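Q: Got a structure for you, work.txt, holding compact mmCIF, N, CA and C atoms.
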```txt
# COMPACT_ATOMS: atom_id res chain seq x y z
N MET A 1 25.02 -13.16 -7.84
CA MET A 1 24.14 -13.27 -8.98
C MET A 1 22.82 -12.57 -8.66
N LEU A 2 22.22 -12.05 -9.70
CA LEU A 2 20.99 -11.28 -9.51
C LEU A 2 19.99 -11.63 -10.59
N ASN A 3 18.77 -11.87 -10.20
CA ASN A 3 17.67 -12.14 -11.13
C ASN A 3 16.50 -11.28 -10.68
N LYS A 4 16.42 -10.07 -11.22
CA LYS A 4 15.42 -9.09 -10.80
C LYS A 4 14.77 -8.48 -12.03
N VAL A 5 13.44 -8.41 -12.03
CA VAL A 5 12.69 -7.85 -13.15
C VAL A 5 11.67 -6.86 -12.61
N VAL A 6 11.59 -5.68 -13.25
CA VAL A 6 10.54 -4.71 -12.94
C VAL A 6 9.88 -4.34 -14.26
N LEU A 7 8.58 -4.55 -14.35
CA LEU A 7 7.83 -4.29 -15.58
C LEU A 7 6.63 -3.40 -15.27
N ILE A 8 6.30 -2.53 -16.22
CA ILE A 8 5.06 -1.77 -16.16
C ILE A 8 4.40 -1.91 -17.51
N GLY A 9 3.16 -2.38 -17.50
CA GLY A 9 2.45 -2.59 -18.76
C GLY A 9 0.97 -2.83 -18.52
N ARG A 10 0.28 -3.08 -19.61
CA ARG A 10 -1.16 -3.35 -19.56
C ARG A 10 -1.43 -4.82 -19.80
N LEU A 11 -2.42 -5.36 -19.09
CA LEU A 11 -2.78 -6.76 -19.25
C LEU A 11 -3.38 -6.99 -20.63
N THR A 12 -2.94 -8.05 -21.29
CA THR A 12 -3.45 -8.37 -22.62
C THR A 12 -4.69 -9.24 -22.57
N ARG A 13 -4.97 -9.81 -21.41
CA ARG A 13 -6.15 -10.66 -21.23
C ARG A 13 -6.49 -10.70 -19.75
N ASP A 14 -7.66 -11.17 -19.43
CA ASP A 14 -8.04 -11.33 -18.03
C ASP A 14 -7.16 -12.38 -17.37
N PRO A 15 -6.81 -12.18 -16.09
CA PRO A 15 -5.98 -13.17 -15.39
C PRO A 15 -6.72 -14.50 -15.25
N GLU A 16 -5.96 -15.59 -15.29
CA GLU A 16 -6.52 -16.93 -15.09
C GLU A 16 -6.10 -17.44 -13.72
N LEU A 17 -7.07 -17.67 -12.85
CA LEU A 17 -6.80 -18.17 -11.50
C LEU A 17 -7.11 -19.66 -11.45
N ARG A 18 -6.15 -20.43 -10.99
CA ARG A 18 -6.32 -21.87 -10.79
C ARG A 18 -5.73 -22.25 -9.44
N TYR A 19 -6.01 -23.46 -9.04
CA TYR A 19 -5.47 -23.97 -7.78
C TYR A 19 -4.75 -25.28 -8.03
N THR A 20 -3.60 -25.46 -7.37
CA THR A 20 -2.88 -26.72 -7.48
C THR A 20 -3.65 -27.79 -6.72
N THR A 21 -3.21 -29.03 -6.83
CA THR A 21 -3.91 -30.13 -6.16
C THR A 21 -3.89 -29.98 -4.64
N ASN A 22 -2.89 -29.27 -4.12
CA ASN A 22 -2.86 -29.07 -2.66
C ASN A 22 -3.51 -27.75 -2.23
N GLY A 23 -4.18 -27.05 -3.18
CA GLY A 23 -4.95 -25.87 -2.83
C GLY A 23 -4.23 -24.54 -2.93
N THR A 24 -3.03 -24.49 -3.50
CA THR A 24 -2.29 -23.25 -3.64
C THR A 24 -2.78 -22.48 -4.87
N ALA A 25 -3.08 -21.20 -4.69
CA ALA A 25 -3.58 -20.37 -5.79
C ALA A 25 -2.45 -20.00 -6.74
N VAL A 26 -2.74 -20.08 -8.06
CA VAL A 26 -1.80 -19.69 -9.10
C VAL A 26 -2.56 -18.84 -10.11
N CYS A 27 -2.03 -17.65 -10.39
CA CYS A 27 -2.67 -16.75 -11.34
C CYS A 27 -1.68 -16.45 -12.46
N ARG A 28 -2.17 -16.57 -13.71
CA ARG A 28 -1.34 -16.28 -14.87
C ARG A 28 -1.99 -15.16 -15.69
N PHE A 29 -1.14 -14.24 -16.15
CA PHE A 29 -1.59 -13.19 -17.04
C PHE A 29 -0.42 -12.73 -17.88
N SER A 30 -0.70 -11.90 -18.87
CA SER A 30 0.33 -11.42 -19.78
C SER A 30 0.30 -9.91 -19.80
N LEU A 31 1.49 -9.29 -19.82
CA LEU A 31 1.62 -7.84 -19.87
C LEU A 31 2.16 -7.41 -21.23
N ALA A 32 1.60 -6.35 -21.77
CA ALA A 32 2.13 -5.71 -22.96
C ALA A 32 2.99 -4.55 -22.47
N VAL A 33 4.29 -4.61 -22.78
CA VAL A 33 5.25 -3.62 -22.29
C VAL A 33 5.93 -2.96 -23.49
N ASN A 34 5.83 -1.63 -23.55
CA ASN A 34 6.48 -0.90 -24.64
C ASN A 34 7.99 -0.94 -24.46
N ARG A 35 8.71 -0.95 -25.58
CA ARG A 35 10.16 -0.88 -25.54
C ARG A 35 10.58 0.51 -25.10
N ARG A 36 11.74 0.61 -24.51
CA ARG A 36 12.20 1.88 -23.94
C ARG A 36 12.49 2.94 -25.00
N TYR A 37 13.15 2.57 -26.08
CA TYR A 37 13.56 3.57 -27.06
C TYR A 37 12.67 3.61 -28.30
N ASN A 38 11.86 2.60 -28.50
CA ASN A 38 10.93 2.59 -29.62
C ASN A 38 9.56 2.24 -29.08
N ARG A 39 8.78 3.24 -28.75
CA ARG A 39 7.49 3.05 -28.07
C ARG A 39 6.48 2.29 -28.94
N GLU A 40 6.76 2.15 -30.24
CA GLU A 40 5.84 1.43 -31.12
C GLU A 40 6.04 -0.08 -31.03
N GLN A 41 7.20 -0.52 -30.54
CA GLN A 41 7.45 -1.94 -30.38
C GLN A 41 7.01 -2.39 -29.00
N VAL A 42 6.32 -3.53 -28.96
CA VAL A 42 5.74 -4.02 -27.71
C VAL A 42 6.20 -5.44 -27.47
N ASP A 43 6.55 -5.76 -26.23
CA ASP A 43 6.85 -7.13 -25.83
C ASP A 43 5.69 -7.65 -25.00
N PHE A 44 5.32 -8.90 -25.22
CA PHE A 44 4.25 -9.54 -24.47
C PHE A 44 4.89 -10.54 -23.52
N ILE A 45 4.78 -10.26 -22.23
CA ILE A 45 5.51 -11.02 -21.22
C ILE A 45 4.54 -11.75 -20.30
N ASP A 46 4.75 -13.07 -20.19
CA ASP A 46 3.90 -13.89 -19.32
C ASP A 46 4.34 -13.74 -17.87
N VAL A 47 3.35 -13.62 -16.98
CA VAL A 47 3.60 -13.42 -15.55
C VAL A 47 2.81 -14.48 -14.78
N VAL A 48 3.41 -15.00 -13.72
CA VAL A 48 2.72 -15.93 -12.84
C VAL A 48 2.85 -15.42 -11.40
N ALA A 49 1.74 -15.45 -10.67
CA ALA A 49 1.72 -15.04 -9.26
C ALA A 49 1.17 -16.20 -8.43
N TRP A 50 1.61 -16.30 -7.20
CA TRP A 50 1.24 -17.42 -6.33
C TRP A 50 0.53 -16.93 -5.07
N ARG A 51 -0.24 -17.83 -4.48
CA ARG A 51 -0.89 -17.69 -3.18
C ARG A 51 -1.81 -16.46 -3.09
N GLY A 52 -1.67 -15.65 -2.05
CA GLY A 52 -2.55 -14.49 -1.84
C GLY A 52 -2.40 -13.45 -2.94
N LEU A 53 -1.18 -13.27 -3.42
CA LEU A 53 -0.95 -12.34 -4.52
C LEU A 53 -1.71 -12.78 -5.76
N ALA A 54 -1.76 -14.08 -6.00
CA ALA A 54 -2.50 -14.62 -7.14
C ALA A 54 -3.99 -14.29 -7.02
N GLU A 55 -4.55 -14.46 -5.85
CA GLU A 55 -5.98 -14.18 -5.65
C GLU A 55 -6.27 -12.69 -5.80
N ASN A 56 -5.37 -11.83 -5.30
CA ASN A 56 -5.56 -10.38 -5.47
C ASN A 56 -5.52 -9.99 -6.94
N CYS A 57 -4.58 -10.55 -7.68
CA CYS A 57 -4.48 -10.23 -9.11
C CYS A 57 -5.74 -10.66 -9.84
N ALA A 58 -6.24 -11.84 -9.52
CA ALA A 58 -7.45 -12.33 -10.18
C ALA A 58 -8.66 -11.48 -9.83
N ASN A 59 -8.71 -10.97 -8.61
CA ASN A 59 -9.86 -10.17 -8.16
C ASN A 59 -9.83 -8.74 -8.65
N TYR A 60 -8.64 -8.14 -8.79
CA TYR A 60 -8.56 -6.71 -9.04
C TYR A 60 -7.95 -6.31 -10.39
N LEU A 61 -7.48 -7.26 -11.16
CA LEU A 61 -6.94 -6.94 -12.48
C LEU A 61 -7.86 -7.45 -13.57
N GLY A 62 -7.78 -6.85 -14.72
CA GLY A 62 -8.53 -7.28 -15.88
C GLY A 62 -7.84 -6.81 -17.13
N LYS A 63 -8.30 -7.28 -18.26
CA LYS A 63 -7.71 -6.91 -19.54
C LYS A 63 -7.68 -5.39 -19.68
N GLY A 64 -6.52 -4.85 -20.07
CA GLY A 64 -6.37 -3.42 -20.28
C GLY A 64 -5.90 -2.64 -19.07
N ARG A 65 -5.93 -3.26 -17.89
CA ARG A 65 -5.50 -2.56 -16.68
C ARG A 65 -3.99 -2.38 -16.66
N LEU A 66 -3.54 -1.26 -16.10
CA LEU A 66 -2.12 -0.94 -15.97
C LEU A 66 -1.59 -1.52 -14.66
N ALA A 67 -0.48 -2.25 -14.74
CA ALA A 67 0.08 -2.88 -13.54
C ALA A 67 1.60 -2.84 -13.59
N ALA A 68 2.20 -2.80 -12.40
CA ALA A 68 3.65 -2.92 -12.25
C ALA A 68 3.93 -4.25 -11.59
N VAL A 69 4.88 -4.98 -12.15
CA VAL A 69 5.25 -6.29 -11.62
C VAL A 69 6.72 -6.26 -11.21
N ASP A 70 6.99 -6.72 -10.00
CA ASP A 70 8.34 -6.86 -9.48
C ASP A 70 8.55 -8.34 -9.23
N GLY A 71 9.57 -8.91 -9.84
CA GLY A 71 9.77 -10.35 -9.68
C GLY A 71 11.08 -10.82 -10.27
N SER A 72 11.09 -12.08 -10.71
CA SER A 72 12.29 -12.68 -11.29
C SER A 72 11.91 -13.54 -12.49
N ILE A 73 12.88 -13.76 -13.37
CA ILE A 73 12.66 -14.58 -14.56
C ILE A 73 12.84 -16.04 -14.19
N GLN A 74 11.93 -16.85 -14.71
CA GLN A 74 12.01 -18.30 -14.51
C GLN A 74 11.91 -18.97 -15.87
N VAL A 75 12.80 -19.92 -16.13
CA VAL A 75 12.74 -20.72 -17.36
C VAL A 75 12.48 -22.15 -16.93
N ARG A 76 11.45 -22.76 -17.50
CA ARG A 76 11.13 -24.15 -17.16
C ARG A 76 10.82 -24.92 -18.42
N SER A 77 10.99 -26.23 -18.35
CA SER A 77 10.73 -27.11 -19.48
C SER A 77 9.66 -28.12 -19.08
N TYR A 78 8.88 -28.55 -20.07
CA TYR A 78 7.89 -29.59 -19.84
C TYR A 78 7.64 -30.31 -21.16
N GLU A 79 7.01 -31.45 -21.05
CA GLU A 79 6.68 -32.22 -22.23
C GLU A 79 5.20 -32.04 -22.53
N GLY A 80 4.89 -31.61 -23.75
CA GLY A 80 3.52 -31.38 -24.16
C GLY A 80 2.77 -32.67 -24.38
N GLN A 81 1.46 -32.56 -24.59
CA GLN A 81 0.63 -33.74 -24.81
C GLN A 81 1.02 -34.48 -26.09
N ASP A 82 1.64 -33.76 -27.02
CA ASP A 82 2.08 -34.40 -28.26
C ASP A 82 3.46 -35.03 -28.14
N GLY A 83 4.05 -35.01 -26.94
CA GLY A 83 5.35 -35.62 -26.70
C GLY A 83 6.52 -34.69 -26.98
N GLN A 84 6.26 -33.49 -27.49
CA GLN A 84 7.32 -32.53 -27.78
C GLN A 84 7.76 -31.83 -26.49
N LYS A 85 9.06 -31.63 -26.37
CA LYS A 85 9.59 -30.90 -25.22
C LYS A 85 9.43 -29.41 -25.47
N ARG A 86 8.91 -28.68 -24.48
CA ARG A 86 8.68 -27.24 -24.62
C ARG A 86 9.43 -26.50 -23.51
N LYS A 87 9.80 -25.26 -23.83
CA LYS A 87 10.51 -24.41 -22.89
C LYS A 87 9.70 -23.13 -22.71
N VAL A 88 9.49 -22.71 -21.47
CA VAL A 88 8.69 -21.53 -21.16
C VAL A 88 9.53 -20.56 -20.34
N THR A 89 9.49 -19.28 -20.74
CA THR A 89 10.13 -18.22 -19.97
C THR A 89 9.03 -17.31 -19.45
N GLU A 90 9.02 -17.07 -18.15
CA GLU A 90 7.99 -16.25 -17.54
C GLU A 90 8.56 -15.49 -16.36
N VAL A 91 7.83 -14.49 -15.92
CA VAL A 91 8.22 -13.71 -14.74
C VAL A 91 7.40 -14.21 -13.55
N VAL A 92 8.08 -14.59 -12.49
CA VAL A 92 7.40 -14.97 -11.25
C VAL A 92 7.30 -13.71 -10.40
N ALA A 93 6.08 -13.28 -10.16
CA ALA A 93 5.84 -12.01 -9.46
C ALA A 93 6.06 -12.15 -7.96
N ASP A 94 6.84 -11.23 -7.41
CA ASP A 94 6.97 -11.10 -5.96
C ASP A 94 6.00 -10.05 -5.44
N ASP A 95 5.71 -9.05 -6.30
CA ASP A 95 4.81 -7.96 -5.93
C ASP A 95 4.15 -7.45 -7.21
N VAL A 96 2.86 -7.13 -7.12
CA VAL A 96 2.13 -6.56 -8.25
C VAL A 96 1.41 -5.32 -7.72
N ARG A 97 1.60 -4.21 -8.39
CA ARG A 97 0.94 -2.95 -8.03
C ARG A 97 -0.08 -2.61 -9.09
N PHE A 98 -1.28 -2.24 -8.67
CA PHE A 98 -2.34 -1.84 -9.59
C PHE A 98 -2.22 -0.34 -9.79
N LEU A 99 -1.88 0.09 -11.01
CA LEU A 99 -1.50 1.48 -11.24
C LEU A 99 -2.61 2.37 -11.76
N ASP A 100 -3.77 1.84 -12.01
CA ASP A 100 -4.87 2.70 -12.44
C ASP A 100 -6.12 2.34 -11.66
N ARG A 101 -7.09 3.20 -11.79
CA ARG A 101 -8.34 2.95 -11.10
C ARG A 101 -9.21 2.06 -11.96
N GLY A 102 -10.01 1.27 -11.33
CA GLY A 102 -10.93 0.40 -12.07
C GLY A 102 -11.70 -0.44 -11.10
N GLY A 103 -12.62 -1.21 -11.63
CA GLY A 103 -13.45 -2.07 -10.81
C GLY A 103 -12.71 -3.35 -10.50
N THR A 104 -13.48 -4.40 -10.29
CA THR A 104 -12.89 -5.70 -10.02
C THR A 104 -12.41 -6.31 -11.31
N GLY A 105 -11.68 -7.40 -11.20
CA GLY A 105 -11.11 -8.04 -12.38
C GLY A 105 -12.14 -8.70 -13.25
N GLY A 106 -11.66 -9.38 -14.26
CA GLY A 106 -12.53 -10.12 -15.16
C GLY A 106 -13.35 -9.21 -16.04
N SER A 107 -14.50 -9.72 -16.47
CA SER A 107 -15.33 -8.96 -17.41
C SER A 107 -15.92 -7.71 -16.76
N GLU A 108 -16.05 -7.71 -15.45
CA GLU A 108 -16.56 -6.52 -14.76
C GLU A 108 -15.59 -5.36 -14.90
N ALA A 109 -14.29 -5.66 -14.99
CA ALA A 109 -13.29 -4.59 -15.10
C ALA A 109 -13.46 -3.84 -16.41
N LYS A 110 -13.84 -4.55 -17.47
CA LYS A 110 -14.02 -3.90 -18.75
C LYS A 110 -15.19 -2.93 -18.71
N ALA A 111 -16.22 -3.28 -17.98
CA ALA A 111 -17.40 -2.43 -17.91
C ALA A 111 -17.16 -1.19 -17.04
N SER A 112 -16.37 -1.35 -15.96
CA SER A 112 -16.20 -0.24 -15.04
C SER A 112 -14.97 0.60 -15.33
N PHE A 113 -14.08 0.13 -16.21
CA PHE A 113 -12.88 0.88 -16.51
C PHE A 113 -12.84 1.25 -17.98
N PRO A 114 -13.02 2.51 -18.32
CA PRO A 114 -12.99 2.90 -19.73
C PRO A 114 -11.57 2.81 -20.29
N ASN A 115 -11.47 2.73 -21.61
CA ASN A 115 -10.16 2.64 -22.25
C ASN A 115 -9.35 3.91 -22.09
N LYS A 116 -10.01 5.07 -22.03
CA LYS A 116 -9.26 6.30 -21.84
C LYS A 116 -8.93 6.49 -20.35
N PRO A 117 -7.75 7.00 -20.03
CA PRO A 117 -7.37 7.18 -18.63
C PRO A 117 -8.22 8.25 -17.95
N GLN A 118 -8.48 8.02 -16.66
CA GLN A 118 -9.26 8.98 -15.89
C GLN A 118 -8.35 10.12 -15.45
N LYS A 119 -8.97 11.29 -15.16
CA LYS A 119 -8.20 12.45 -14.71
C LYS A 119 -7.58 12.14 -13.36
N ASP A 120 -6.34 12.44 -13.25
CA ASP A 120 -5.57 12.18 -12.04
C ASP A 120 -5.32 13.51 -11.33
N GLN A 121 -5.16 13.48 -10.01
CA GLN A 121 -4.91 14.71 -9.25
C GLN A 121 -3.58 15.35 -9.62
N TRP A 122 -2.69 14.62 -10.28
CA TRP A 122 -1.38 15.12 -10.64
C TRP A 122 -1.31 15.54 -12.11
N ASP A 123 -2.42 15.51 -12.84
CA ASP A 123 -2.42 15.84 -14.26
C ASP A 123 -1.92 17.26 -14.53
N ASP A 124 -2.18 18.20 -13.62
CA ASP A 124 -1.80 19.58 -13.83
C ASP A 124 -0.38 19.89 -13.37
N LEU A 125 0.33 18.90 -12.87
CA LEU A 125 1.69 19.11 -12.39
C LEU A 125 2.59 19.57 -13.53
N GLY A 126 3.29 20.66 -13.34
CA GLY A 126 4.19 21.18 -14.35
C GLY A 126 3.57 22.22 -15.27
N THR A 127 2.27 22.50 -15.11
CA THR A 127 1.66 23.53 -15.95
C THR A 127 1.98 24.90 -15.38
N GLU A 128 1.99 25.89 -16.25
CA GLU A 128 2.34 27.24 -15.85
C GLU A 128 1.22 27.85 -14.99
N VAL A 129 1.62 28.57 -13.95
CA VAL A 129 0.68 29.25 -13.06
C VAL A 129 0.79 30.75 -13.31
N THR A 130 -0.36 31.40 -13.45
CA THR A 130 -0.38 32.85 -13.63
C THR A 130 -0.91 33.49 -12.37
N MET A 131 -0.81 34.81 -12.30
CA MET A 131 -1.31 35.54 -11.13
C MET A 131 -2.82 35.38 -10.98
N ASN A 132 -3.54 35.14 -12.07
CA ASN A 132 -4.99 34.95 -12.00
C ASN A 132 -5.36 33.63 -11.34
N ASP A 133 -4.44 32.68 -11.29
CA ASP A 133 -4.70 31.37 -10.69
C ASP A 133 -4.54 31.37 -9.17
N ILE A 134 -3.99 32.44 -8.62
CA ILE A 134 -3.68 32.50 -7.19
C ILE A 134 -4.77 33.26 -6.47
N ASP A 135 -5.28 32.68 -5.36
CA ASP A 135 -6.27 33.35 -4.52
C ASP A 135 -5.52 34.14 -3.45
N PHE A 136 -5.65 35.47 -3.51
CA PHE A 136 -5.00 36.32 -2.53
C PHE A 136 -5.95 36.56 -1.36
N VAL A 137 -5.39 36.59 -0.16
CA VAL A 137 -6.17 36.86 1.04
C VAL A 137 -5.90 38.30 1.44
N ASP A 138 -6.97 39.08 1.53
CA ASP A 138 -6.84 40.49 1.91
C ASP A 138 -6.82 40.56 3.43
N SER A 139 -5.68 40.86 3.97
CA SER A 139 -5.55 40.93 5.41
C SER A 139 -5.23 42.36 5.81
N THR A 140 -6.25 43.04 6.31
CA THR A 140 -6.05 44.42 6.75
C THR A 140 -5.75 44.48 8.23
N GLU A 141 -5.98 43.37 8.89
CA GLU A 141 -5.72 43.33 10.34
C GLU A 141 -4.32 42.74 10.55
N ASP A 142 -3.76 43.01 11.72
CA ASP A 142 -2.45 42.47 12.06
C ASP A 142 -2.59 41.14 12.80
N ASP A 143 -3.25 40.19 12.14
CA ASP A 143 -3.43 38.85 12.75
C ASP A 143 -2.11 38.11 12.72
N GLU A 144 -1.94 37.24 13.72
CA GLU A 144 -0.76 36.41 13.73
C GLU A 144 -0.98 35.21 12.82
N ILE A 145 0.09 34.67 12.32
CA ILE A 145 0.00 33.48 11.48
C ILE A 145 -0.37 32.30 12.39
N PRO A 146 -1.33 31.48 11.97
CA PRO A 146 -1.87 30.45 12.88
C PRO A 146 -1.00 29.21 13.01
N PHE A 147 0.24 29.26 12.62
CA PHE A 147 1.10 28.06 12.80
C PHE A 147 2.42 28.41 13.39
```
Would you mind writing the file out in structure tokens?

A:
Amino acid sequence: MLNKVVLIGRLTRDPELRYTTNGTAVCRFSLAVNRRYNREQVDFIDVVAWRGLAENCANYLGKGRLAAVDGSIQVRSYEGQDGQKRKVTEVVADDVRFLDRGGTGGSEAKASFPNKPQKDQWDDLGTEVTMNDIDFVDSTEDDEIPF
């Protein structure tokens, strides 16, 4: 049997960091993930991270940040304050990767990370190269290649 989930999406809200009664860190956040074949449809998926991973997520993620989550699906039930039984489906993160540049999490992330993506060193990958783009070295001497 296999229970494996890999998601890439943007956080819909700032992560919430809490601690259990015995001091274990728990961080909850939600990812907006586009559907594979219809990019206009979005799924909002709840994610929970534990211990050191939870603290890292709370410190370095914020609303709008792009993240990859590797984990498993967990379904749990609980009784609400009104006595109604509730069922929750969430992804328990084993690993979270921060896929864009930005400041620290929380409200500071909004200030230091603009909504438009920053230029990446790989943005020009796949663009056409012309002879004018190449720097030629004029070698009139019979120097040996240095490698």

Q: Mind checking which residues fall within 6.5 Å of Trp50 of chain A, counting only N, CA and C atoms, ignoring those fewer than 5 positions away in the same chain, and posting them as a ChimeraX atom specification?

A: /A:24-27,55,93

Q: Write out, as a PDB file, keeping the file's coordinate frame, the residues just selected, with N, CA and C atoms.

A:
```pdb
ATOM      1  N   THR A  24      -3.030 -24.490  -3.500  1.00  0.00           N
ATOM      2  CA  THR A  24      -2.290 -23.250  -3.640  1.00  0.00           C
ATOM      3  C   THR A  24      -2.780 -22.480  -4.870  1.00  0.00           C
ATOM      4  N   ALA A  25      -3.080 -21.200  -4.690  1.00  0.00           N
ATOM      5  CA  ALA A  25      -3.580 -20.370  -5.790  1.00  0.00           C
ATOM      6  C   ALA A  25      -2.450 -20.000  -6.740  1.00  0.00           C
ATOM      7  N   VAL A  26      -2.740 -20.080  -8.060  1.00  0.00           N
ATOM      8  CA  VAL A  26      -1.800 -19.690  -9.100  1.00  0.00           C
ATOM      9  C   VAL A  26      -2.560 -18.840 -10.110  1.00  0.00           C
ATOM     10  N   CYS A  27      -2.030 -17.650 -10.390  1.00  0.00           N
ATOM     11  CA  CYS A  27      -2.670 -16.750 -11.340  1.00  0.00           C
ATOM     12  C   CYS A  27      -1.680 -16.450 -12.460  1.00  0.00           C
ATOM     13  N   GLU A  55      -4.550 -14.460  -5.850  1.00  0.00           N
ATOM     14  CA  GLU A  55      -5.980 -14.180  -5.650  1.00  0.00           C
ATOM     15  C   GLU A  55      -6.270 -12.690  -5.800  1.00  0.00           C
ATOM     16  N   ALA A  93       6.080 -13.280 -10.160  1.00  0.00           N
ATOM     17  CA  ALA A  93       5.840 -12.010  -9.460  1.00  0.00           C
ATOM     18  C   ALA A  93       6.060 -12.150  -7.960  1.00  0.00           C
TER      19      ALA A  93
END
```

Q: Using atom CA of Ile73 of chain A and atom CA of Thr89 of chain A as the two end points, give the distance in Å to one decimal.

A: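 Atom-to-atom, atom CA of Ile73 of chain A and atom CA of Thr89 of chain A are spaced 7.0 Å apart.
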
Q: Quote the spacing between atom N of Glu90 of chain A and atom CA of Gly71 of chain A in Å to one decimal place.

A: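 Interatomic distance here is 10.8 Å.
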
Q: Write out as a PDB file with N, CA and C atoms, keeping the file's coordinate frame the residues lying within 7 Å of Ala32 of chain A, counting only N, CA and C atoms and excluding same-chain residues fewer than 6 positions away.

A:
```
ATOM      1  N   ILE A   8       6.300  -2.530 -16.220  1.00  0.00           N
ATOM      2  CA  ILE A   8       5.060  -1.770 -16.160  1.00  0.00           C
ATOM      3  C   ILE A   8       4.400  -1.910 -17.510  1.00  0.00           C
ATOM      4  N   GLY A   9       3.160  -2.380 -17.500  1.00  0.00           N
ATOM      5  CA  GLY A   9       2.450  -2.590 -18.760  1.00  0.00           C
ATOM      6  C   GLY A   9       0.970  -2.830 -18.520  1.00  0.00           C
ATOM      7  N   ARG A  10       0.280  -3.080 -19.610  1.00  0.00           N
ATOM      8  CA  ARG A  10      -1.160  -3.350 -19.560  1.00  0.00           C
ATOM      9  C   ARG A  10      -1.430  -4.820 -19.800  1.00  0.00           C
ATOM     10  N   LEU A  11      -2.420  -5.360 -19.090  1.00  0.00           N
ATOM     11  CA  LEU A  11      -2.780  -6.760 -19.250  1.00  0.00           C
ATOM     12  C   LEU A  11      -3.380  -6.990 -20.630  1.00  0.00           C
ATOM     13  N   THR A  12      -2.940  -8.050 -21.290  1.00  0.00           N
ATOM     14  CA  THR A  12      -3.450  -8.370 -22.620  1.00  0.00           C
ATOM     15  C   THR A  12      -4.690  -9.240 -22.570  1.00  0.00           C
ATOM     16  N   VAL A  42       6.320  -3.530 -28.960  1.00  0.00           N
ATOM     17  CA  VAL A  42       5.740  -4.020 -27.710  1.00  0.00           C
ATOM     18  C   VAL A  42       6.200  -5.440 -27.470  1.00  0.00           C
ATOM     19  N   ASP A  43       6.550  -5.760 -26.230  1.00  0.00           N
ATOM     20  CA  ASP A  43       6.850  -7.130 -25.830  1.00  0.00           C
ATOM     21  C   ASP A  43       5.690  -7.650 -25.000  1.00  0.00           C
ATOM     22  N   PHE A  44       5.320  -8.900 -25.220  1.00  0.00           N
ATOM     23  CA  PHE A  44       4.250  -9.540 -24.470  1.00  0.00           C
ATOM     24  C   PHE A  44       4.890 -10.540 -23.520  1.00  0.00           C
ATOM     25  N   ILE A  45       4.780 -10.260 -22.230  1.00  0.00           N
ATOM     26  CA  ILE A  45       5.510 -11.020 -21.220  1.00  0.00           C
ATOM     27  C   ILE A  45       4.540 -11.750 -20.300  1.00  0.00           C
TER      28      ILE A  45
END
```

Q: What's the separation between atom C of Val5 of chain A and atom CA of Val96 of chain A, in Å to one decimal place?

A: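 Taking atom C of Val5 of chain A as the start and atom CA of Val96 of chain A as the end point, the length is 10.5 Å.
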
Q: Skipping near chain neighbours, those fewer than 3 positions away, what residues fall within 6.5 Å of Asp14 of chain A using all atoms listed in the file, listed as a list of chain:residue names?

A: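 Residues meeting the cut-off are A:Leu11, A:Arg28, A:Phe29, A:Leu61, A:Gly62, A:Lys63, A:Gly64, A:Gly106.
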
Q: Which one of A:Asn59, A:Arg51, A:Arg39, A:Met1 sits closest to Pro15 of chain A if you count all atoms listed in the file?

A: A:Asn59

Q: Of the candidates A:Glu79, A:Ser72, A:Ser30, A:Val92, which one gets nearest to Leu2 of chain A if we count all atoms listed in the file?

A: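 When distances to Leu2 of chain A are compared using all atoms listed in the file, the smallest one comes from A:Ser72.
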
Q: If you run DSSP over the backbone, which residues in segment 6-107 of chain A end up strand (DSSP E or B)? Put them as a VMD selection string.

A: chain A and resid 6 to 11 16 to 19 25 to 34 42 to 50 66 to 79 85 to 98

Q: Between A:Arg97, A:Arg65, A:Arg86, A:Arg76, which residue has the minimum interatomic distance to Leu7 of chain A, considering only C-alpha atoms?

A: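 For Leu7 of chain A, the nearest of the given residues is A:Arg97.
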